[in-house]
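Trainee: Structure file work_19.cif (mmCIF, N, CA, C and O atoms) right here:
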```cif
data_work
loop_
_atom_site.label_atom_id
_atom_site.label_comp_id
_atom_site.auth_asym_id
_atom_site.auth_seq_id
_atom_site.Cartn_x
_atom_site.Cartn_y
_atom_site.Cartn_z
N MET Q 29 -25.73 0.39 -0.07
CA MET Q 29 -24.77 1.17 0.66
C MET Q 29 -25.34 1.56 2.01
O MET Q 29 -24.64 1.51 3.02
N LEU Q 30 -26.60 1.96 2.04
CA LEU Q 30 -27.20 2.38 3.31
C LEU Q 30 -27.26 1.24 4.32
O LEU Q 30 -27.19 1.48 5.53
N ALA Q 31 -27.35 0.02 3.85
CA ALA Q 31 -27.40 -1.13 4.75
C ALA Q 31 -26.13 -1.26 5.59
O ALA Q 31 -26.17 -1.83 6.69
N THR Q 32 -25.02 -0.71 5.10
CA THR Q 32 -23.78 -0.77 5.90
C THR Q 32 -23.95 0.00 7.21
O THR Q 32 -23.38 -0.39 8.23
N PHE Q 33 -24.73 1.06 7.19
CA PHE Q 33 -24.96 1.83 8.41
C PHE Q 33 -25.92 1.10 9.34
O PHE Q 33 -25.80 1.20 10.57
N ASP Q 34 -26.86 0.34 8.77
CA ASP Q 34 -27.74 -0.48 9.59
C ASP Q 34 -26.92 -1.56 10.31
O ASP Q 34 -27.08 -1.79 11.51
N ALA Q 35 -26.03 -2.21 9.54
CA ALA Q 35 -25.17 -3.23 10.13
C ALA Q 35 -24.24 -2.62 11.18
O ALA Q 35 -23.99 -3.24 12.23
N LEU Q 36 -23.76 -1.43 10.92
CA LEU Q 36 -22.91 -0.75 11.90
C LEU Q 36 -23.67 -0.53 13.21
O LEU Q 36 -23.14 -0.77 14.29
N GLY Q 37 -24.91 -0.11 13.12
CA GLY Q 37 -25.72 0.09 14.32
C GLY Q 37 -25.89 -1.18 15.12
O GLY Q 37 -25.79 -1.17 16.36
N GLU Q 38 -26.15 -2.29 14.43
CA GLU Q 38 -26.27 -3.58 15.11
C GLU Q 38 -24.96 -3.98 15.78
O GLU Q 38 -24.95 -4.46 16.91
N TRP Q 39 -23.85 -3.77 15.06
CA TRP Q 39 -22.54 -4.11 15.59
C TRP Q 39 -22.23 -3.27 16.83
O TRP Q 39 -21.77 -3.80 17.85
N LEU Q 40 -22.48 -1.98 16.75
CA LEU Q 40 -22.20 -1.11 17.89
C LEU Q 40 -23.03 -1.52 19.11
O LEU Q 40 -22.52 -1.54 20.23
N ALA Q 41 -24.29 -1.83 18.90
CA ALA Q 41 -25.18 -2.16 20.01
C ALA Q 41 -24.84 -3.49 20.67
O ALA Q 41 -25.08 -3.66 21.87
N THR Q 42 -24.27 -4.42 19.92
CA THR Q 42 -24.06 -5.76 20.47
C THR Q 42 -22.60 -6.13 20.67
O THR Q 42 -22.29 -6.94 21.53
N GLU Q 43 -21.70 -5.57 19.89
CA GLU Q 43 -20.32 -6.04 19.90
C GLU Q 43 -19.28 -5.02 20.31
O GLU Q 43 -18.18 -5.39 20.69
N SER Q 44 -19.57 -3.74 20.17
CA SER Q 44 -18.47 -2.80 20.27
C SER Q 44 -18.82 -1.52 21.02
O SER Q 44 -18.67 -0.43 20.50
N GLY Q 45 -19.21 -1.66 22.25
CA GLY Q 45 -19.49 -0.48 23.04
C GLY Q 45 -18.27 0.37 23.34
O GLY Q 45 -18.38 1.52 23.73
N ARG Q 46 -17.08 -0.20 23.11
CA ARG Q 46 -15.84 0.52 23.38
C ARG Q 46 -15.23 1.13 22.13
O ARG Q 46 -14.12 1.62 22.15
N GLY Q 47 -15.93 1.08 21.02
CA GLY Q 47 -15.42 1.69 19.80
C GLY Q 47 -14.65 0.72 18.93
O GLY Q 47 -14.74 -0.49 19.09
N CYS Q 48 -13.89 1.27 18.04
CA CYS Q 48 -13.14 0.47 17.06
C CYS Q 48 -11.85 -0.05 17.68
O CYS Q 48 -11.01 0.73 18.15
N SER Q 49 -11.67 -1.35 17.65
CA SER Q 49 -10.46 -1.95 18.23
C SER Q 49 -9.21 -1.51 17.47
O SER Q 49 -8.13 -1.40 18.07
N MET Q 50 -9.34 -1.22 16.19
CA MET Q 50 -8.19 -0.76 15.41
C MET Q 50 -7.72 0.61 15.90
O MET Q 50 -6.54 0.85 16.11
N VAL Q 51 -8.67 1.52 16.05
CA VAL Q 51 -8.34 2.86 16.52
C VAL Q 51 -7.83 2.80 17.96
O VAL Q 51 -6.85 3.47 18.31
N ASN Q 52 -8.47 1.98 18.78
CA ASN Q 52 -8.04 1.84 20.17
C ASN Q 52 -6.61 1.31 20.25
O ASN Q 52 -5.81 1.78 21.07
N ALA Q 53 -6.28 0.35 19.42
CA ALA Q 53 -4.92 -0.21 19.43
C ALA Q 53 -3.91 0.85 19.02
O ALA Q 53 -2.82 0.95 19.61
N CYS Q 54 -4.26 1.65 18.03
CA CYS Q 54 -3.34 2.73 17.61
C CYS Q 54 -3.15 3.75 18.73
O CYS Q 54 -2.05 4.29 18.90
N ALA Q 55 -4.19 4.00 19.49
CA ALA Q 55 -4.07 4.94 20.61
C ALA Q 55 -3.19 4.37 21.72
O ALA Q 55 -2.41 5.09 22.34
N GLU Q 56 -3.29 3.08 21.94
CA GLU Q 56 -2.49 2.43 22.98
C GLU Q 56 -1.03 2.26 22.56
O GLU Q 56 -0.14 2.22 23.41
N LEU Q 57 -0.79 2.16 21.27
CA LEU Q 57 0.56 1.96 20.73
C LEU Q 57 0.83 3.08 19.73
O LEU Q 57 0.78 2.87 18.52
N PRO Q 58 1.14 4.28 20.21
CA PRO Q 58 1.18 5.45 19.33
C PRO Q 58 2.36 5.54 18.37
O PRO Q 58 2.34 6.36 17.45
N ASP Q 59 3.37 4.70 18.53
CA ASP Q 59 4.51 4.74 17.61
C ASP Q 59 4.03 4.37 16.21
O ASP Q 59 3.59 3.25 15.97
N PRO Q 60 4.10 5.32 15.25
CA PRO Q 60 3.57 5.04 13.90
C PRO Q 60 4.27 3.90 13.18
O PRO Q 60 3.74 3.36 12.21
N SER Q 61 5.45 3.51 13.66
CA SER Q 61 6.14 2.39 13.01
C SER Q 61 5.69 1.04 13.59
O SER Q 61 6.09 -0.01 13.07
N HIS Q 62 4.88 1.06 14.63
CA HIS Q 62 4.38 -0.20 15.19
C HIS Q 62 3.48 -0.88 14.16
O HIS Q 62 2.69 -0.21 13.49
N PRO Q 63 3.59 -2.19 14.03
CA PRO Q 63 2.78 -2.91 13.02
C PRO Q 63 1.28 -2.71 13.14
O PRO Q 63 0.56 -2.81 12.14
N VAL Q 64 0.78 -2.39 14.32
CA VAL Q 64 -0.66 -2.21 14.47
C VAL Q 64 -1.18 -1.08 13.59
O VAL Q 64 -2.30 -1.14 13.08
N HIS Q 65 -0.35 -0.09 13.34
CA HIS Q 65 -0.79 1.03 12.50
C HIS Q 65 -1.02 0.59 11.06
O HIS Q 65 -1.97 1.06 10.41
N GLY Q 66 -0.18 -0.29 10.57
CA GLY Q 66 -0.37 -0.83 9.22
C GLY Q 66 -1.63 -1.67 9.12
O GLY Q 66 -2.38 -1.57 8.14
N VAL Q 67 -1.87 -2.49 10.14
CA VAL Q 67 -3.07 -3.32 10.15
C VAL Q 67 -4.32 -2.45 10.20
O VAL Q 67 -5.29 -2.68 9.47
N ALA Q 68 -4.30 -1.42 11.04
CA ALA Q 68 -5.44 -0.51 11.15
C ALA Q 68 -5.67 0.22 9.83
O ALA Q 68 -6.81 0.37 9.38
N ALA Q 69 -4.59 0.68 9.21
CA ALA Q 69 -4.72 1.38 7.93
C ALA Q 69 -5.32 0.46 6.86
O ALA Q 69 -6.16 0.90 6.06
N GLU Q 70 -4.92 -0.81 6.87
CA GLU Q 70 -5.49 -1.77 5.91
C GLU Q 70 -6.98 -1.97 6.14
O GLU Q 70 -7.76 -2.04 5.19
N GLN Q 71 -7.39 -2.03 7.41
CA GLN Q 71 -8.80 -2.21 7.71
C GLN Q 71 -9.61 -1.00 7.26
O GLN Q 71 -10.68 -1.15 6.67
N LYS Q 72 -9.10 0.19 7.49
CA LYS Q 72 -9.81 1.40 7.07
C LYS Q 72 -9.83 1.50 5.54
O LYS Q 72 -10.82 1.94 4.95
N ALA Q 73 -8.75 1.07 4.89
CA ALA Q 73 -8.72 1.06 3.43
C ALA Q 73 -9.75 0.07 2.89
O ALA Q 73 -10.39 0.34 1.85
N TRP Q 74 -9.94 -1.03 3.58
CA TRP Q 74 -10.95 -2.01 3.16
C TRP Q 74 -12.34 -1.39 3.23
O TRP Q 74 -13.15 -1.56 2.30
N VAL Q 75 -12.64 -0.69 4.32
CA VAL Q 75 -13.96 -0.05 4.46
C VAL Q 75 -14.15 0.98 3.35
O VAL Q 75 -15.20 1.05 2.71
N ARG Q 76 -13.11 1.78 3.10
CA ARG Q 76 -13.20 2.79 2.04
C ARG Q 76 -13.42 2.13 0.68
O ARG Q 76 -14.23 2.59 -0.13
N ALA Q 77 -12.70 1.05 0.42
CA ALA Q 77 -12.85 0.34 -0.86
C ALA Q 77 -14.25 -0.25 -1.00
O ALA Q 77 -14.82 -0.25 -2.10
N LEU Q 78 -14.82 -0.71 0.10
CA LEU Q 78 -16.19 -1.21 0.07
C LEU Q 78 -17.14 -0.11 -0.38
O LEU Q 78 -17.96 -0.31 -1.28
N TYR Q 79 -17.00 1.07 0.22
CA TYR Q 79 -17.86 2.19 -0.18
C TYR Q 79 -17.59 2.61 -1.63
O TYR Q 79 -18.52 2.89 -2.37
N ALA Q 80 -16.33 2.62 -2.03
CA ALA Q 80 -16.00 2.98 -3.42
C ALA Q 80 -16.65 2.01 -4.40
O ALA Q 80 -17.17 2.42 -5.44
N ASP Q 81 -16.62 0.72 -4.07
CA ASP Q 81 -17.25 -0.28 -4.93
C ASP Q 81 -18.77 -0.08 -4.97
O ASP Q 81 -19.39 -0.25 -6.02
N LEU Q 82 -19.35 0.27 -3.85
CA LEU Q 82 -20.80 0.42 -3.78
C LEU Q 82 -21.31 1.67 -4.50
O LEU Q 82 -22.39 1.64 -5.09
N VAL Q 83 -20.54 2.75 -4.44
CA VAL Q 83 -21.02 4.01 -5.03
C VAL Q 83 -20.26 4.42 -6.28
O VAL Q 83 -20.67 5.34 -6.98
N GLY Q 84 -19.13 3.77 -6.55
CA GLY Q 84 -18.38 4.06 -7.77
C GLY Q 84 -17.73 5.42 -7.81
O GLY Q 84 -17.50 5.96 -8.89
N ASP Q 85 -17.41 5.97 -6.65
CA ASP Q 85 -16.85 7.32 -6.61
C ASP Q 85 -15.92 7.41 -5.40
O ASP Q 85 -16.37 7.22 -4.27
N GLY Q 86 -14.65 7.72 -5.65
CA GLY Q 86 -13.67 7.77 -4.57
C GLY Q 86 -13.89 8.88 -3.56
O GLY Q 86 -13.75 8.67 -2.36
N ALA Q 87 -14.24 10.07 -4.03
CA ALA Q 87 -14.46 11.18 -3.11
C ALA Q 87 -15.67 10.91 -2.22
O ALA Q 87 -15.65 11.19 -1.02
N LEU Q 88 -16.71 10.34 -2.80
CA LEU Q 88 -17.89 10.00 -2.02
C LEU Q 88 -17.58 8.88 -1.03
O LEU Q 88 -18.07 8.88 0.10
N ALA Q 89 -16.74 7.94 -1.45
CA ALA Q 89 -16.32 6.87 -0.55
C ALA Q 89 -15.60 7.45 0.67
O ALA Q 89 -15.81 6.98 1.79
N ASP Q 90 -14.79 8.48 0.47
CA ASP Q 90 -14.12 9.13 1.59
C ASP Q 90 -15.14 9.72 2.55
O ASP Q 90 -15.02 9.60 3.77
N GLN Q 91 -16.16 10.37 2.01
CA GLN Q 91 -17.19 10.97 2.85
C GLN Q 91 -17.95 9.91 3.64
O GLN Q 91 -18.24 10.09 4.83
N LEU Q 92 -18.24 8.79 3.00
CA LEU Q 92 -18.96 7.72 3.67
C LEU Q 92 -18.09 7.07 4.75
O LEU Q 92 -18.60 6.74 5.84
N LEU Q 93 -16.81 6.92 4.47
CA LEU Q 93 -15.89 6.40 5.49
C LEU Q 93 -15.87 7.32 6.70
O LEU Q 93 -15.91 6.86 7.85
N ILE Q 94 -15.83 8.61 6.47
CA ILE Q 94 -15.82 9.58 7.57
C ILE Q 94 -17.12 9.49 8.37
O ILE Q 94 -17.10 9.52 9.61
N LEU Q 95 -18.24 9.36 7.70
CA LEU Q 95 -19.51 9.19 8.41
C LEU Q 95 -19.51 7.91 9.24
O LEU Q 95 -19.94 7.90 10.40
N HIS Q 96 -19.01 6.83 8.65
CA HIS Q 96 -18.94 5.53 9.32
C HIS Q 96 -18.07 5.63 10.58
O HIS Q 96 -18.50 5.26 11.68
N GLU Q 97 -16.87 6.15 10.42
CA GLU Q 97 -15.94 6.25 11.55
C GLU Q 97 -16.45 7.23 12.60
O GLU Q 97 -16.32 6.99 13.80
N GLY Q 98 -17.03 8.32 12.15
CA GLY Q 98 -17.59 9.29 13.08
C GLY Q 98 -18.72 8.71 13.90
O GLY Q 98 -18.86 9.03 15.09
N ALA Q 99 -19.51 7.85 13.30
CA ALA Q 99 -20.60 7.21 14.04
C ALA Q 99 -20.05 6.32 15.14
O ALA Q 99 -20.61 6.28 16.24
N VAL Q 100 -18.97 5.62 14.86
CA VAL Q 100 -18.36 4.76 15.88
C VAL Q 100 -17.90 5.60 17.07
O VAL Q 100 -18.15 5.27 18.23
N VAL Q 101 -17.23 6.71 16.79
CA VAL Q 101 -16.74 7.58 17.86
C VAL Q 101 -17.90 8.22 18.62
O VAL Q 101 -17.91 8.26 19.85
N ALA Q 102 -18.89 8.71 17.89
CA ALA Q 102 -20.03 9.35 18.54
C ALA Q 102 -20.75 8.37 19.47
O ALA Q 102 -21.17 8.74 20.57
N PHE Q 103 -20.85 7.13 19.04
CA PHE Q 103 -21.51 6.11 19.85
C PHE Q 103 -20.68 5.78 21.09
O PHE Q 103 -21.18 5.80 22.21
N SER Q 104 -19.40 5.47 20.87
CA SER Q 104 -18.58 4.93 21.95
C SER Q 104 -18.02 6.00 22.89
O SER Q 104 -17.82 5.73 24.06
N VAL Q 105 -17.80 7.20 22.40
CA VAL Q 105 -17.20 8.24 23.24
C VAL Q 105 -18.23 9.26 23.72
O VAL Q 105 -18.27 9.62 24.88
N ALA Q 106 -19.08 9.70 22.81
CA ALA Q 106 -20.04 10.75 23.15
C ALA Q 106 -21.38 10.21 23.63
O ALA Q 106 -22.24 10.98 24.05
N GLY Q 107 -21.57 8.89 23.54
CA GLY Q 107 -22.82 8.30 24.02
C GLY Q 107 -24.03 8.55 23.15
O GLY Q 107 -25.16 8.46 23.62
N VAL Q 108 -23.80 8.84 21.87
CA VAL Q 108 -24.91 9.07 20.94
C VAL Q 108 -25.43 7.69 20.52
O VAL Q 108 -24.84 7.03 19.67
N ARG Q 109 -26.50 7.25 21.14
CA ARG Q 109 -27.00 5.89 20.94
C ARG Q 109 -27.51 5.65 19.52
O ARG Q 109 -27.51 4.52 19.06
N ASP Q 110 -27.94 6.67 18.83
CA ASP Q 110 -28.45 6.50 17.46
C ASP Q 110 -27.46 7.04 16.42
O ASP Q 110 -27.85 7.47 15.34
N ALA Q 111 -26.17 6.98 16.74
CA ALA Q 111 -25.14 7.54 15.85
C ALA Q 111 -25.15 6.90 14.47
O ALA Q 111 -25.00 7.60 13.46
N SER Q 112 -25.35 5.60 14.41
CA SER Q 112 -25.34 4.96 13.08
C SER Q 112 -26.56 5.39 12.27
O SER Q 112 -26.46 5.56 11.05
N ALA Q 113 -27.69 5.60 12.92
CA ALA Q 113 -28.88 6.07 12.21
C ALA Q 113 -28.67 7.50 11.70
O ALA Q 113 -29.08 7.84 10.59
N ALA Q 114 -28.02 8.33 12.51
CA ALA Q 114 -27.73 9.70 12.07
C ALA Q 114 -26.74 9.69 10.90
O ALA Q 114 -26.91 10.46 9.94
N ALA Q 115 -25.74 8.83 10.96
CA ALA Q 115 -24.79 8.72 9.86
C ALA Q 115 -25.48 8.19 8.61
O ALA Q 115 -25.20 8.66 7.49
N ARG Q 116 -26.40 7.27 8.78
CA ARG Q 116 -27.16 6.73 7.64
C ARG Q 116 -27.97 7.84 6.99
O ARG Q 116 -28.01 7.95 5.76
N ALA Q 117 -28.62 8.66 7.79
CA ALA Q 117 -29.42 9.77 7.25
C ALA Q 117 -28.53 10.75 6.49
O ALA Q 117 -28.91 11.24 5.42
N ALA Q 118 -27.35 11.03 7.02
CA ALA Q 118 -26.42 11.93 6.33
C ALA Q 118 -25.96 11.30 5.01
O ALA Q 118 -25.89 11.98 3.98
N ALA Q 119 -25.67 10.01 5.04
CA ALA Q 119 -25.26 9.32 3.81
C ALA Q 119 -26.37 9.34 2.78
O ALA Q 119 -26.13 9.60 1.59
N GLU Q 120 -27.59 9.10 3.23
CA GLU Q 120 -28.73 9.12 2.31
C GLU Q 120 -28.91 10.50 1.69
O GLU Q 120 -29.28 10.62 0.53
N ALA Q 121 -28.59 11.53 2.44
CA ALA Q 121 -28.72 12.89 1.93
C ALA Q 121 -27.65 13.24 0.90
O ALA Q 121 -27.93 13.95 -0.07
N ILE Q 122 -26.44 12.73 1.08
CA ILE Q 122 -25.36 13.12 0.16
C ILE Q 122 -25.22 12.21 -1.04
O ILE Q 122 -24.78 12.65 -2.10
N VAL Q 123 -25.59 10.96 -0.92
CA VAL Q 123 -25.35 10.01 -2.01
C VAL Q 123 -26.15 10.35 -3.26
O VAL Q 123 -25.55 10.47 -4.33
N PRO Q 124 -27.44 10.52 -3.22
CA PRO Q 124 -28.15 10.82 -4.48
C PRO Q 124 -27.66 12.11 -5.12
O PRO Q 124 -27.51 12.18 -6.33
N ARG Q 125 -27.40 13.11 -4.32
CA ARG Q 125 -26.94 14.40 -4.83
C ARG Q 125 -25.56 14.24 -5.49
O ARG Q 125 -25.33 14.75 -6.58
N ALA Q 126 -24.66 13.53 -4.83
CA ALA Q 126 -23.31 13.36 -5.35
C ALA Q 126 -23.31 12.54 -6.64
O ALA Q 126 -22.62 12.86 -7.60
N LEU Q 127 -24.10 11.47 -6.65
CA LEU Q 127 -24.12 10.62 -7.84
C LEU Q 127 -24.80 11.31 -9.02
O LEU Q 127 -24.39 11.15 -10.17
N SER Q 128 -25.83 12.10 -8.76
CA SER Q 128 -26.48 12.80 -9.87
C SER Q 128 -25.60 13.91 -10.41
O SER Q 128 -25.63 14.21 -11.61
N ALA Q 129 -24.79 14.52 -9.56
CA ALA Q 129 -23.87 15.57 -10.02
C ALA Q 129 -22.76 14.98 -10.88
O ALA Q 129 -22.24 15.64 -11.79
N ALA Q 130 -22.41 13.73 -10.63
CA ALA Q 130 -21.35 13.08 -11.39
C ALA Q 130 -21.83 12.49 -12.71
O ALA Q 130 -21.04 12.19 -13.59
N ALA Q 131 -23.13 12.36 -12.87
CA ALA Q 131 -23.68 11.78 -14.10
C ALA Q 131 -23.46 12.74 -15.28
O ALA Q 131 -23.53 13.94 -15.12
N PRO Q 132 -23.22 12.15 -16.48
CA PRO Q 132 -23.00 12.99 -17.67
C PRO Q 132 -24.25 13.71 -18.12
O PRO Q 132 -25.32 13.40 -17.90
#
```
Could the structure of this file be written out as structure tokens, please?

Mentor:
Amino acid sequence: MLATFDALGEWLATESGRGCSMVNACAELPDPSHPVHGVAAEQKAWVRALYADLVGDGALADQLLILHEGAVVAFSVAGVRDASAAARAAAEAIVPRALSAAAP
């Protein structure tokens, strides 16, 4: 699961200095009935499902998705060059605690 944040850092540094194209498209086409919103929602659902599969917990997957998306914004808008590393550290801090709390 933590490797997803490493890959995100590589992607941000080489491919996406302007942030997420899905979010950007929704900002450019704000009508919620525009098809781009459905495509963007599907992409975000895919990322969430990836985290859910990796950690086996829906609430934790939501938290990881938020960290992932927040890292993209922090990098592209706020200029936080190590945003993915910071998100990775936050994920590493919450995952063991969350999974051990869920164990019987």

Trainee: Taking the DSSP assignment computed from this structure's backbone, write out as JSON, numbers by chain all residues of chain Q that belong to alpha helix (DSSP H).

Mentor: {"Q": [31, 32, 33, 34, 35, 36, 37, 38, 39, 40, 41, 42, 49, 50, 51, 52, 53, 54, 55, 56, 63, 64, 65, 66, 67, 68, 69, 70, 71, 72, 73, 74, 75, 76, 77, 78, 79, 80, 81, 82, 83, 86, 87, 88, 89, 90, 91, 92, 93, 94, 95, 96, 97, 98, 99, 100, 101, 102, 103, 104, 111, 112, 113, 114, 115, 116, 117, 118, 119, 120, 121, 122, 123, 124, 125, 126, 127, 128, 129, 130]}

Trainee: From the list Q:Leu57, Q:Val75, Q:Val64, Q:Val108, which residue is nearest Leu93 of chain Q when using all atoms listed in the file?

Mentor: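 Selected residue with least distance to Leu93 of chain Q: Q:Val75.
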
Trainee: Return the single residue from Q:Leu95, Q:Val123, Q:Val67, Q:Val101 that is closest to Gly45 of chain Q, with distances computed using all atoms listed in the file.

Mentor: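 Of the candidates, the smallest distance to Gly45 of chain Q is held by Q:Val101.
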
Trainee: Pull out every residue that the PyMOL selection byres ((chain Q and resi 46-53) around 7) matches in the shown coordinates and put them as number ranges by chain.

Mentor: Q: 40, 43-45, 54-58, 64-65, 67-68, 100-101, 103-105

Trainee: Which residues are near Leu82 of chain Q? Cut-off 12 Å, only C-alpha atoms, ignore same chain within fewer than 2 positions. Put them as a list in words.

Mentor: Met29, Leu30, Ala31, Thr32, Val75, Arg76, Ala77, Leu78, Tyr79, Ala80, Gly84, Asp85, Gly86, Leu88, Ala89, Leu92, Val123 and Leu127 of chain Q

Trainee: In Å, rounded to a single decimal, give me how far atom CA of Leu36 of chain Q is from atom CA of Ala117 of chain Q.

Mentor: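 Taking atom CA of Ala117 of chain Q and atom CA of Leu36 of chain Q, their separation equals 13.2 Å.
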
Trainee: Rounded to one decimal place, report the atom N of Ala113 of chain Q-atom O of Phe33 of chain Q distance in Å.

Mentor: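 Interatomic distance here is 5.3 Å.
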
Trainee: Around segment 89-101 of chain Q, with edges along x, y and z and 6 Å added on all six sides, what centre and edge lengths do you get, in Å to one decimal, as AutoDock Vina command-line options?

Mentor:
```
--center_x -17.4 --center_y 7.9 --center_z 9.2 --size_x 18.5 --size_y 18.2 --size_z 33.3
```

Trainee: Of the candidates Q:Ala115, Q:Arg125, Q:Ala87, Q:Ala69, which one gets nearest to Ala35 of chain Q if we count only C-alpha atoms?

Mentor: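 Checking each candidate against Ala35 of chain Q, we get Q:Ala115 as the closest.
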
Trainee: In Å, rounded to a single decimal, give me how far atom O of Ala114 of chain Q is from atom N of Thr42 of chain Q.

Mentor: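 We find that atom N of Thr42 of chain Q and atom O of Ala114 of chain Q lie 18.1 Å from each other.
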
Trainee: Would you kindly return, as an MDAnalysis selection string, each protein, DNA or RNA residue with an atom no farther than 8 Å from any atom of Gly37 of chain Q, considering only C-alpha atoms and excluding same-chain residues fewer than 5 positions away?

Mentor: chainID Q and resid 110:113

Trainee: Keeping only N, CA, C and O atoms, write those residues as a tab-separated table (two decimals), keeping the file's coordinate frame.

Mentor:
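Done, and the output landed in selection04.tsv:
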```tsv
chain	number	residue	atom	x	y	z
Q	110	ASP	N	-27.94	6.67	18.83
Q	110	ASP	CA	-28.45	6.50	17.46
Q	110	ASP	C	-27.46	7.04	16.42
Q	110	ASP	O	-27.85	7.47	15.34
Q	111	ALA	N	-26.17	6.98	16.74
Q	111	ALA	CA	-25.14	7.54	15.85
Q	111	ALA	C	-25.15	6.90	14.47
Q	111	ALA	O	-25.00	7.60	13.46
Q	112	SER	N	-25.35	5.60	14.41
Q	112	SER	CA	-25.34	4.96	13.08
Q	112	SER	C	-26.56	5.39	12.27
Q	112	SER	O	-26.46	5.56	11.05
Q	113	ALA	N	-27.69	5.60	12.92
Q	113	ALA	CA	-28.88	6.07	12.21
Q	113	ALA	C	-28.67	7.50	11.70
Q	113	ALA	O	-29.08	7.84	10.59
```

Trainee: Which residue gives the smallest distance to Glu120 of chain Q among Q:Asp81, Q:Ala102, Q:Pro60, Q:Gln91, with only C-alpha atoms counted?

Mentor: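 Using only C-alpha atoms, the shortest distance to Glu120 of chain Q belongs to Q:Gln91.
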